[in-house]
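Structure file start_24.txt with compact mmCIF, C-alpha atoms:
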# COMPACT_ATOMS: atom_id res chain seq x y z
CA MET G 15 0.00 0.00 0.00
CA ARG G 16 1.06 3.51 -0.69
CA PHE G 17 0.68 6.56 1.59
CA ALA G 18 -2.03 7.91 -0.72
CA ASP G 19 -4.18 4.92 0.23
CA PHE G 20 -4.11 6.02 3.90
CA ARG G 21 -4.95 9.70 3.28
CA PRO G 22 -8.74 9.33 3.70
CA LEU G 23 -8.23 7.50 7.00
CA ALA G 24 -5.70 10.08 8.24
CA LEU G 25 -8.03 12.94 7.29
CA ALA G 26 -10.96 11.31 9.08
CA ALA G 27 -8.84 10.78 12.21
CA MET G 28 -7.66 14.42 12.22
CA LEU G 29 -11.23 15.68 11.83
CA ALA G 30 -12.40 13.47 14.68
CA LEU G 31 -9.59 14.65 16.94
CA GLY G 32 -10.22 18.26 16.02
CA ALA G 33 -13.90 17.93 16.85
CA CYS G 34 -13.03 16.58 20.29
CA ALA G 35 -10.44 19.25 21.03
CA ASP G 36 -13.06 21.90 21.76
CA GLN G 37 -14.99 19.64 24.14
CA PRO G 38 -14.37 19.74 27.89
CA PRO G 39 -12.41 16.76 29.19
CA VAL G 40 -14.50 13.81 30.24
CA ASN G 41 -14.38 13.01 33.96
CA THR G 42 -13.78 9.29 34.17
CA LYS G 43 -14.26 9.15 37.94
CA ALA G 44 -17.72 8.26 39.14
CA ALA G 45 -19.51 11.25 40.59
CA ILE G 46 -20.50 11.05 44.25
CA PRO G 47 -24.15 12.01 44.71
CA VAL G 48 -24.52 15.28 46.60
CA SER G 49 -26.77 13.58 49.15
CA VAL G 50 -23.91 11.27 50.19
CA VAL G 51 -21.46 14.06 51.06
CA ALA G 52 -23.20 16.29 53.58
CA ALA G 53 -21.93 19.81 53.93
CA PRO G 54 -22.31 21.39 57.35
CA ARG G 55 -25.04 23.98 57.67
CA PRO G 56 -24.87 27.11 59.80
CA MET G 57 -25.04 26.27 63.50
CA PRO G 58 -28.58 26.45 64.86
CA THR G 59 -29.57 28.31 67.99
CA ALA G 60 -30.13 26.32 71.17
CA PRO G 61 -32.59 26.80 74.02
CA LYS G 62 -31.42 28.50 77.21
CA GLY G 63 -29.08 26.23 79.18
CA PHE G 64 -28.03 24.31 76.05
CA GLU G 65 -25.45 24.82 73.33
CA PRO G 66 -25.80 24.01 69.62
CA LEU G 67 -23.90 21.01 68.28
CA GLN G 68 -23.92 19.51 64.81
CA VAL G 69 -23.04 15.98 63.72
CA VAL G 70 -22.11 15.52 60.05
CA THR G 71 -22.44 12.03 58.58
CA PRO G 72 -22.86 10.71 55.03
CA LYS G 73 -26.63 10.71 55.73
CA GLY G 74 -26.66 14.46 56.43
CA SER G 75 -26.07 17.11 59.04
CA PHE G 76 -27.94 16.68 62.33
CA ASP G 77 -28.55 19.40 64.91
CA PHE G 78 -28.54 18.80 68.66
CA ALA G 79 -28.93 20.98 71.74
CA VAL G 80 -26.45 19.80 74.37
CA GLU G 81 -25.76 20.44 78.01
CA LEU G 82 -22.08 21.00 78.67
CA ALA G 83 -20.19 19.11 81.38
CA GLU G 84 -17.03 21.15 81.98
CA THR G 85 -16.22 20.62 85.66
CA ASP G 86 -15.27 17.40 87.44
CA ALA G 87 -18.57 17.44 89.33
CA GLN G 88 -20.58 17.91 86.12
CA ARG G 89 -18.62 15.16 84.35
CA GLU G 90 -19.09 12.76 87.30
CA ARG G 91 -22.87 13.22 87.31
CA GLY G 92 -23.39 13.30 83.55
CA LEU G 93 -26.83 11.99 82.64
CA MET G 94 -27.23 9.85 85.77
CA PHE G 95 -30.75 9.47 87.13
CA ARG G 96 -32.41 10.86 83.97
CA GLN G 97 -35.62 9.08 83.02
CA SER G 98 -35.48 10.09 79.33
CA LEU G 99 -33.49 11.99 76.72
CA ALA G 100 -35.07 13.59 73.65
CA ALA G 101 -33.73 12.57 70.22
CA ASP G 102 -32.35 16.09 69.59
CA ARG G 103 -30.70 16.50 73.01
CA GLY G 104 -27.46 15.30 74.53
CA MET G 105 -24.60 16.05 76.87
CA LEU G 106 -21.10 17.06 75.75
CA PHE G 107 -18.22 16.37 78.14
CA ASP G 108 -15.32 18.80 77.67
CA PHE G 109 -12.01 17.48 78.99
CA GLN G 110 -10.07 20.63 77.93
CA VAL G 111 -7.02 18.48 77.07
CA PRO G 112 -7.18 15.34 74.88
CA ARG G 113 -6.79 12.15 76.93
CA MET G 114 -7.70 8.50 77.09
CA VAL G 115 -11.05 8.18 78.84
CA ALA G 116 -13.54 5.46 79.70
CA PHE G 117 -17.20 5.84 80.69
CA TRP G 118 -19.52 3.49 82.52
CA MET G 119 -23.26 3.60 83.12
CA LYS G 120 -23.48 3.53 86.93
CA ASN G 121 -26.78 5.15 88.02
CA THR G 122 -27.68 5.86 84.39
CA LEU G 123 -31.22 4.67 83.86
CA ILE G 124 -31.51 4.92 80.07
CA PRO G 125 -29.39 3.41 77.26
CA LEU G 126 -26.97 5.89 75.74
CA ASP G 127 -24.72 6.15 72.71
CA ILE G 128 -21.32 7.37 73.93
CA ILE G 129 -19.34 9.09 71.19
CA TYR G 130 -15.63 9.76 71.78
CA ILE G 131 -14.34 12.77 69.83
CA ALA G 132 -10.79 13.90 68.98
CA GLN G 133 -9.51 17.46 69.32
CA ASP G 134 -10.45 18.33 65.71
CA GLY G 135 -14.03 17.05 66.06
CA THR G 136 -13.43 13.67 64.41
CA VAL G 137 -15.32 10.74 65.94
CA ILE G 138 -12.81 8.25 67.39
CA SER G 139 -15.20 5.52 68.52
CA ILE G 140 -18.80 4.90 69.57
CA ALA G 141 -20.16 2.77 72.42
CA ARG G 142 -23.66 2.04 71.08
CA ASN G 143 -26.66 1.47 73.33
CA ALA G 144 -24.59 1.30 76.50
CA THR G 145 -26.38 -0.83 79.08
CA PRO G 146 -28.06 1.14 81.88
CA LYS G 147 -26.50 0.73 85.37
CA SER G 148 -23.52 -1.25 83.99
CA LEU G 149 -20.13 -0.82 85.67
CA VAL G 150 -18.26 -2.17 82.63
CA PRO G 151 -15.79 0.49 81.41
CA LEU G 152 -16.27 1.66 77.83
CA PRO G 153 -12.85 3.00 76.68
CA SER G 154 -12.36 5.73 74.08
CA GLY G 155 -9.75 3.91 72.01
CA GLY G 156 -7.83 7.16 71.49
CA ALA G 157 -7.19 10.58 72.99
CA ALA G 158 -10.57 12.31 73.31
CA LEU G 159 -11.10 16.01 73.90
CA GLY G 160 -14.85 15.54 74.16
CA VAL G 161 -17.45 12.87 74.69
CA LEU G 162 -21.00 13.21 73.42
CA GLU G 163 -23.82 11.25 75.00
CA LEU G 164 -26.99 10.81 72.95
CA ALA G 165 -30.10 8.70 73.43
CA GLY G 166 -29.37 5.02 72.77
CA GLY G 167 -29.79 4.14 69.09
CA ARG G 168 -29.50 7.73 67.86
CA ALA G 169 -25.98 7.25 66.43
CA GLU G 170 -27.21 4.38 64.27
CA ALA G 171 -30.31 6.33 63.20
CA ILE G 172 -28.19 9.18 61.80
CA GLY G 173 -25.54 6.87 60.34
CA LEU G 174 -22.76 8.05 62.66
CA LEU G 175 -19.46 6.21 62.26
CA PRO G 176 -15.86 6.72 63.40
CA GLY G 177 -14.27 9.33 61.12
CA ASP G 178 -17.43 11.48 60.91
CA LYS G 179 -17.35 15.03 62.28
CA VAL G 180 -18.87 16.77 65.28
CA ARG G 181 -19.09 20.57 65.12
CA HIS G 182 -19.02 22.56 68.37
CA ARG G 183 -17.04 25.45 69.78
CA ILE G 184 -14.81 23.20 71.93
CA PHE G 185 -13.42 21.63 68.74
CA GLY G 186 -12.89 25.05 67.12
CA ASN G 187 -14.96 24.10 64.10
CA ASP G 188 -18.28 25.77 64.81
Can you present the structure in this file as structure tokens?
Amino acid sequence: MRFADFRPLALAAMLALGACADQPPVNTKAAIPVSVVAAPRPMPTAPKGFEPLQVVTPKGSFDFAVELAETDAQRERGLMFRQSLAADRGMLFDFQVPRMVAFWMKNTLIPLDIIYIAQDGTVISIARNATPKSLVPLPSGGAALGVLELAGGRAEAIGLLPGDKVRHRIFGND
């Protein structure tokens, strides 16, 4: 074959390439649906005596009003003796300095989800549906600056997993 025999093919290839040159590049990576990657919303307001807290999971961004336990006495009492806890309420324990911690359920009458949170607001671990009145220690599994207690089963309901984010002023990400 001579070069002249390939000219129509070469011309067709150049035209095809030229037509594609003006097109935006094709993204070969699969797009992640917007609903899967939840962006944090502005922090809500909280009722008197509570502070706003937001939990961001792949299922969305969830708002809570939390009581703050900042002193040793407040941290020792926690949610002991409470008969109930609303789905949008909780208690946030502020340890001021990241440390290994463990919680137990002595004198706690309702099941709780205990969420251990690193200094940057990342969830370290979760003790789900902790058994009321149990003296079994539930360790953090890492240095926690804060611990969030929610009603038992709430972490599962919102799809909370280690690695998700908690937004609150103590983590500097509110």
- Message: Could you check the closest approach to Tyr130 in chain G for each of G:Lys73, G:Lys179, G:Arg103, G:Lys62 and tell me which residue wins, using all atoms listed in the file?
- Response: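 Between G:Lys73, G:Lys179, G:Arg103, G:Lys62, the residue approaching Tyr130 in chain G most closely is G:Lys179.
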- Query: Do you have the CA of Gly177 in chain G-CA of Gly135 in chain G distance handy?
  - Reply: 9.2 Å
- Task: Taking the point (-20.5, 0.2, 74.1) as given in the file, collect each protein or nucleic acid residue that comes within 9 Å of it, counting all atoms listed in the file, and present the set as a PyMOL selection string.
- Result: chain G and resi 126-128+140-145+151-153
- Check the smallest atom-to-atom distance from each of G:Ala60, G:Ile184, G:Met119, G:Leu149 to Leu93 in chain G using only C-alpha atoms, then report the winner.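 Of the candidates, the smallest distance to Leu93 in chain G is held by G:Met119.
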- Item | Neighbour residues at most 7 Å from (-23.4, 20.5, 77.1) (all atoms listed in the file) as a ChimeraX atom specification | /G:64-65,80-83,105-107
- Å distance separating CA of Lys147 in chain G from CA of Pro125 in chain G, one decimal place: 9.0 Å
- Message: Considering only C-alpha atoms, can you say which of G:Gln110, G:Thr136, G:Ser148, G:Ser98 comes closest to Ile124 in chain G?
- Response: G:Ser98
- Distance query Gly173 in chain G at most 9 Å, only C-alpha atoms, self and fewer than 3 positions along chain excluded, as a ChimeraX atom specification: /G:71-74,168-170
Can I get the selected residues back with C-alpha atoms, as a short mmCIF file (atom, residue, chain, number, x, y, z; two decimals), keeping the file's coordinate frame?
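Writing done, so here's out.cif:
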data_model
loop_
_atom_site.label_atom_id
_atom_site.label_comp_id
_atom_site.auth_asym_id
_atom_site.auth_seq_id
_atom_site.Cartn_x
_atom_site.Cartn_y
_atom_site.Cartn_z
CA THR G 71 -22.44 12.03 58.58
CA PRO G 72 -22.86 10.71 55.03
CA LYS G 73 -26.63 10.71 55.73
CA GLY G 74 -26.66 14.46 56.43
CA ARG G 168 -29.50 7.73 67.86
CA ALA G 169 -25.98 7.25 66.43
CA GLU G 170 -27.21 4.38 64.27
#
- Message: Here is a test: counting only C-alpha atoms, which residue of G:Ala87, G:Val150, G:Ile129, G:Ala157 is nearest to Val69 in chain G?
- Response: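 Between G:Ala87, G:Val150, G:Ile129, G:Ala157, the residue approaching Val69 in chain G most closely is G:Ile129.
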- Item | For CA of Arg91 in chain G and CA of Ala79 in chain G, the interatomic separation in Å (one decimal) |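 These two atoms are separated by 18.4 Å.
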- Task: Have a look at G:Met57, G:Ala101, G:Asp77, G:Gln133 and name the one nearest to Ala171 in chain G; count all atoms listed in the file.
- Result: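 Under the stated criterion, the closest residue is G:Ala101.
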- Hey, which of G:Asp102, G:Asp86, G:Asp178, G:Glu163 ends up closest to Trp118 in chain G? Count only C-alpha atoms.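 For Trp118 in chain G, the nearest of the candidates is G:Glu163.
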With 3 Å added on each side, what axis-aligned box encloses every listed atom of range 167-185 of chain G? Give the centre and edge lengths in Å to one decimal, as lines of an AutoDock Vina configuration file.
center_x = -21.9
center_y = 14.8
center_z = 66.1
size_x = 22.9
size_y = 27.3
size_z = 17.6
